[in-house]
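To start, the structure under review is shown below, and the notes come after it.
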Amino acid sequence: MSDSRRVARVVLDSRLPQLSRLFDYLIPPELDVQQGVRVRVPLRSAKRLAEGYVIECSSETEHSGKLAAITELVSPVPVLPPRLWNLASAVASRSAGNAADVLRLAIPKRYVKAEKAWWRDGSALDSPQSDQWEAPVLEPTAPVASEVIGSGIRSSLSLPYGMTTSPTGTVVPRSRESVAHIAVQALAEGQSVIVVCPDWRDVEQCWAVLRDLVPDDRISLLAGDQPPAERYAHYLRTLEPTPVIVLGSRHAVYAPAHNLGLIIVLDDADSAHREPLAPYPHSRDVALLRNSMENVAVCFASVTPSLAVRRWIDMGYIAEHSAAGSTRPRVIPTSLTLGQEALSSPARLPSSVYQAVKVALNDGPVLIQVFRSGFSPGLSCAQCKSKASCAHCGGPLRKSSASSNPTCLWCGVVAARWACPECSSLTLQPRGQGIGRTVADLGKSFPSVAIIRSDGENRVVSVPDAPALVVATRGSEPVTPGGYAMVLLLDGAAMLQRDSLGALEESVHSWEHAVSYTADDGLCYVTDLDGPPAMALAAGTWTQLFRHELSQRVALKLPPALRIASLTGPSQDVDAICDAMRSLSPQIDSLGPVPVTDGAVLSVVRFPYALGESVVKELASWRQKMASGPRRTAVERVKIVVDDPLALDTLAGE
DNA sequence: AGCACGCCGACT
DNA sequence: GTCGGCGTGCTC
């Protein structure tokens, strides 16, 4: 009996922590069950079925009880190769979550029609492509490509500014062209490459370059708003024993591509790299996990490195490179050149900028980047306009009424006698009046010029090379042939002084992104911004400012100087977990709790990197424990998010 | 989560 | 007697 019977170890496709382990099932002889296939299995009773994946097949079981048998083979395609299982497990254990949740992000929904077509075409699994594709030689990129491609290399790559046009006539930022060229180079060396983009538009731009250089069947597109059947078909392509370029949004980072040699994470400072579903992984972290587990090269590519990447560069953990062909356009903060004129009338365009815009409009479109507010205004120094923060913990200060004393939202300390650390002024004022400048305002100033508006709801992909004022919220800037004659960055201070731990990094990312859309001989102006950020923006190097920010994070015990976990849920549960975590080590502390929606509270546990593994392990076991405790109704369970610095914003939020 | 098992109150 | 309430516990 024992020799002939086959046992499958199955991971169930379930969100429940208590089911987050492997279950053994008998394999009925009539089913052709292999490692990695999707199956349907009975759970607790014969009529209650769950789906799952076969992790391994064997002839033995650890389980002492009676084994049930697999009910059905959902599909014969092994969509979960062992390396993807290892990755999902690692991501889960790093984030105190379930591997099954990670698999749900990594493996697209099955589409029978797409699968049958793929199976029939015989591209499936056993037919390596003949190597007829002749790799193009891409001159300007080749030297830097050789720096970032190679076993286990970790790098940061500063991408070029400016706009170019693909051979087929698509307007593409040079930064995307560079990324595509590096991917082609790696593919030419016989390696698979994953390009993880924040946005669908970035995917299209890279693809516009790739499609001319690489055969269609060597590209796998995995983006969010793709038709699901197509997405599944493209996922199946990553299972073939042939190198491919996987190009997609954050889910693409898991792709189990053959002989994977390089993962490029494009614009890792973009918040779209954070998965909004449990266990909330970030593409950056997943890419680095694959670097350590699979010896894959990882390259963080953007026009300027993110804060996290700057930290790793300074630690010597990753190497810093610059792509060729990058000349940054001139960026002029009006506060530096115009002095008082700019500061005295920040609500309007300084007259010299107005004149410059009029001139630039003769050459083509002018881009105006605006910051859409949607944040509650905090307090600034009335004299030097710097952001007012708590002297005790660095948290944001708020006033509950005009006459009351400001209090810290993080630690609750009352700042009765606040004095500005920059200029010693004693007076505070509210900041962030909203979007002062609207499309209508500009219409009045430039009555005869076409105004094109692009924002999150209504995104314009590209505009022609003709005079127009293009007003875009950050991240929604259209491309234009040759780049913009002029770029204006408005609302600089409002963007920078948001009460968010991500304010500096996101501002820099938005600004540099817009700057990179400038024509080679174009000019950028930034209004309403002064001090070190304005000087850094003019100089085009953020290294010093980021280092300063990082040293402040160390002093204030904020990420990325240490790790955090945010806990949201019923007060007694959150408190119990916080107490347990603090008792692990005196180096562990917590902020909060503060009340959030419907009776739940939020606390943030802070812990050093060295204790990370044990803290996260402990969090996971608490999560498991609480799931099987006494029944709860209505009140949700505790939600645990590991290493999202923006959790501290929620802690500070209203 | 479901679903089964189990141990007390009102009913044909 | 026994039908069914829902409080606990487990799922190969």
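All residue names refer to the structure tokens as shown: chains lettered A, B, ... in order, residues numbered from 1 in each chain, ligands numbered from 1 in order.
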
**OP:** Report as a PyMOL selection string the set of chain B residues whose atoms approach chain A to within 12 Å, with distances computed over only C-alpha atoms (C1' of nucleotides).
**Re:** chain B and resi 1-4

**OP:** Considering only C-alpha atoms (C1' of nucleotides), extract the chain A residues located within 10 Å of chain C and return them as a list in words.
**Re:** Ala8, Arg9, Val10, Gln18, Leu19, Leu22, Phe23, Asp24, Tyr25, Leu26, Val41, Pro42, Leu43, Arg44, Ser45, Thr61, Glu62, His63, Ser64, Gly65, Lys66, Leu67, Ala68, Ala69, Ser628, Gly629, Pro630 and Arg631 of chain A

Filtering to N, CA and C atoms, could you give me those residues as a PDB file, in the first residue's frame?
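Writing the result to again.pdb gives the following:
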```
ATOM      1  N   ALA A   8       0.442  14.261  -2.272  1.00  0.00           N
ATOM      2  CA  ALA A   8       0.766  15.616  -2.731  1.00  0.00           C
ATOM      3  C   ALA A   8       0.716  16.569  -1.548  1.00  0.00           C
ATOM      4  N   ARG A   9       1.730  17.413  -1.428  1.00  0.00           N
ATOM      5  CA  ARG A   9       1.688  18.473  -0.418  1.00  0.00           C
ATOM      6  C   ARG A   9       1.101  19.703  -1.094  1.00  0.00           C
ATOM      7  N   VAL A  10       0.021  20.220  -0.508  1.00  0.00           N
ATOM      8  CA  VAL A  10      -0.777  21.246  -1.182  1.00  0.00           C
ATOM      9  C   VAL A  10      -0.833  22.518  -0.342  1.00  0.00           C
ATOM     10  N   GLN A  18      -4.778  30.492   9.696  1.00  0.00           N
ATOM     11  CA  GLN A  18      -4.736  29.143  10.271  1.00  0.00           C
ATOM     12  C   GLN A  18      -4.654  28.057   9.198  1.00  0.00           C
ATOM     13  N   LEU A  19      -4.884  28.424   7.932  1.00  0.00           N
ATOM     14  CA  LEU A  19      -4.741  27.442   6.843  1.00  0.00           C
ATOM     15  C   LEU A  19      -3.445  27.657   6.067  1.00  0.00           C
ATOM     16  N   LEU A  22       1.108  23.606   4.751  1.00  0.00           N
ATOM     17  CA  LEU A  22       0.867  22.628   3.700  1.00  0.00           C
ATOM     18  C   LEU A  22       0.003  21.482   4.218  1.00  0.00           C
ATOM     19  N   PHE A  23      -0.885  20.978   3.358  1.00  0.00           N
ATOM     20  CA  PHE A  23      -1.745  19.846   3.682  1.00  0.00           C
ATOM     21  C   PHE A  23      -1.427  18.696   2.723  1.00  0.00           C
ATOM     22  N   ASP A  24      -1.445  17.475   3.274  1.00  0.00           N
ATOM     23  CA  ASP A  24      -1.162  16.304   2.441  1.00  0.00           C
ATOM     24  C   ASP A  24      -2.459  15.681   1.923  1.00  0.00           C
ATOM     25  N   TYR A  25      -2.463  15.338   0.659  1.00  0.00           N
ATOM     26  CA  TYR A  25      -3.617  14.661   0.065  1.00  0.00           C
ATOM     27  C   TYR A  25      -3.130  13.480  -0.763  1.00  0.00           C
ATOM     28  N   LEU A  26      -3.964  12.453  -0.850  1.00  0.00           N
ATOM     29  CA  LEU A  26      -3.666  11.328  -1.734  1.00  0.00           C
ATOM     30  C   LEU A  26      -3.924  11.733  -3.175  1.00  0.00           C
ATOM     31  N   VAL A  41      -9.430  20.392  -3.712  1.00  0.00           N
ATOM     32  CA  VAL A  41      -9.330  19.374  -2.657  1.00  0.00           C
ATOM     33  C   VAL A  41     -10.454  19.535  -1.628  1.00  0.00           C
ATOM     34  N   PRO A  42     -10.845  18.424  -0.988  1.00  0.00           N
ATOM     35  CA  PRO A  42     -11.853  18.533   0.074  1.00  0.00           C
ATOM     36  C   PRO A  42     -11.217  19.137   1.327  1.00  0.00           C
ATOM     37  N   LEU A  43     -12.007  19.896   2.056  1.00  0.00           N
ATOM     38  CA  LEU A  43     -11.503  20.521   3.269  1.00  0.00           C
ATOM     39  C   LEU A  43     -12.514  20.304   4.388  1.00  0.00           C
ATOM     40  N   ARG A  44     -12.168  19.479   5.298  1.00  0.00           N
ATOM     41  CA  ARG A  44     -12.994  19.212   6.488  1.00  0.00           C
ATOM     42  C   ARG A  44     -14.176  18.301   6.183  1.00  0.00           C
ATOM     43  N   SER A  45     -14.737  18.382   4.988  1.00  0.00           N
ATOM     44  CA  SER A  45     -15.808  17.459   4.623  1.00  0.00           C
ATOM     45  C   SER A  45     -15.756  17.288   3.110  1.00  0.00           C
ATOM     46  N   THR A  61       3.922  10.688   4.159  1.00  0.00           N
ATOM     47  CA  THR A  61       3.271  11.834   4.782  1.00  0.00           C
ATOM     48  C   THR A  61       3.665  11.914   6.251  1.00  0.00           C
ATOM     49  N   GLU A  62       3.733  13.105   6.765  1.00  0.00           N
ATOM     50  CA  GLU A  62       3.978  13.335   8.194  1.00  0.00           C
ATOM     51  C   GLU A  62       2.677  13.225   8.972  1.00  0.00           C
ATOM     52  N   HIS A  63       1.594  13.379   8.248  1.00  0.00           N
ATOM     53  CA  HIS A  63       0.286  13.464   8.886  1.00  0.00           C
ATOM     54  C   HIS A  63      -0.124  12.104   9.447  1.00  0.00           C
ATOM     55  N   SER A  64      -0.554  12.098  10.719  1.00  0.00           N
ATOM     56  CA  SER A  64      -0.888  10.827  11.356  1.00  0.00           C
ATOM     57  C   SER A  64      -2.313  10.384  11.036  1.00  0.00           C
ATOM     58  N   GLY A  65      -3.186  11.344  10.746  1.00  0.00           N
ATOM     59  CA  GLY A  65      -4.584  11.007  10.483  1.00  0.00           C
ATOM     60  C   GLY A  65      -4.787  10.429   9.098  1.00  0.00           C
ATOM     61  N   LYS A  66      -6.038  10.281   8.769  1.00  0.00           N
ATOM     62  CA  LYS A  66      -6.378   9.719   7.468  1.00  0.00           C
ATOM     63  C   LYS A  66      -6.274  10.804   6.399  1.00  0.00           C
ATOM     64  N   LEU A  67      -5.730  10.437   5.240  1.00  0.00           N
ATOM     65  CA  LEU A  67      -5.599  11.419   4.171  1.00  0.00           C
ATOM     66  C   LEU A  67      -6.830  11.403   3.275  1.00  0.00           C
ATOM     67  N   ALA A  68      -7.277  12.588   2.902  1.00  0.00           N
ATOM     68  CA  ALA A  68      -8.316  12.689   1.881  1.00  0.00           C
ATOM     69  C   ALA A  68      -7.636  12.713   0.518  1.00  0.00           C
ATOM     70  N   ALA A  69      -8.410  12.523  -0.521  1.00  0.00           N
ATOM     71  CA  ALA A  69      -7.833  12.484  -1.863  1.00  0.00           C
ATOM     72  C   ALA A  69      -8.173  13.759  -2.624  1.00  0.00           C
ATOM     73  N   SER A 628      -7.739  32.092  15.538  1.00  0.00           N
ATOM     74  CA  SER A 628      -8.490  30.941  16.024  1.00  0.00           C
ATOM     75  C   SER A 628      -9.001  31.143  17.445  1.00  0.00           C
ATOM     76  N   GLY A 629      -8.914  32.358  17.928  1.00  0.00           N
ATOM     77  CA  GLY A 629      -9.403  32.657  19.269  1.00  0.00           C
ATOM     78  C   GLY A 629     -10.920  32.731  19.315  1.00  0.00           C
ATOM     79  N   PRO A 630     -11.468  33.408  20.324  1.00  0.00           N
ATOM     80  CA  PRO A 630     -12.914  33.534  20.454  1.00  0.00           C
ATOM     81  C   PRO A 630     -13.513  34.275  19.260  1.00  0.00           C
ATOM     82  N   ARG A 631     -14.737  33.899  18.936  1.00  0.00           N
ATOM     83  CA  ARG A 631     -15.400  34.480  17.768  1.00  0.00           C
ATOM     84  C   ARG A 631     -15.636  35.972  17.914  1.00  0.00           C
TER      85      ARG A 631
END
```

**OP:** Within segment 416-604 of chain A, find each residue whose DSSP state, derived from the backbone, is strand (DSSP E or B), and express the selection as JSON, numbers by chain.
**Re:** {"A": [428, 429, 430, 451, 452, 453, 454, 462, 469, 470, 471, 472, 473, 479, 484, 485, 486, 487, 488, 489, 518, 519, 520, 521, 522, 523, 524, 525, 526, 563, 564, 565, 566, 567, 568, 569, 570, 589, 590, 591, 592, 593, 594, 595, 600, 601, 602, 603, 604]}

Do you know which residues are at most 9 Å from Trp542 of chain A counting only C-alpha atoms (C1' of nucleotides), after dropping those on the same chain fewer than 4 positions away, and could you put them as a compact mmCIF listing (two decimals) with N, CA and C atoms, in the first residue's frame?
```
# COMPACT_ATOMS: atom_id res chain seq x y z
N THR A 304 16.81 60.02 -10.80
CA THR A 304 17.61 60.28 -9.60
C THR A 304 17.26 59.22 -8.56
N PRO A 305 18.25 58.72 -7.81
CA PRO A 305 17.97 57.61 -6.89
C PRO A 305 16.97 58.00 -5.79
N VAL A 508 10.70 65.06 -4.90
CA VAL A 508 11.88 64.96 -5.78
C VAL A 508 11.55 64.10 -6.99
N PRO A 533 16.20 72.76 -0.64
CA PRO A 533 15.56 72.01 -1.73
C PRO A 533 15.63 72.76 -3.05
N ALA A 536 19.13 72.39 -4.37
CA ALA A 536 19.37 71.03 -4.87
C ALA A 536 18.69 70.84 -6.22
N LEU A 537 17.48 71.39 -6.36
CA LEU A 537 16.75 71.26 -7.62
C LEU A 537 17.49 72.00 -8.73
N PHE A 546 19.39 64.24 0.70
CA PHE A 546 18.93 62.91 1.09
C PHE A 546 19.76 62.39 2.27
N ARG A 547 21.04 62.66 2.25
CA ARG A 547 21.88 62.22 3.38
C ARG A 547 21.46 62.92 4.66
```

**OP:** Please identify all polymer residues within 6 Å of segment 224-237 of chain A, counting only C-alpha atoms (C1' of nucleotides), omitting same-chain residues fewer than 3 positions from it, and present them as a PyMOL selection string.
**Re:** chain A and resi 108+111+114+220-221+240
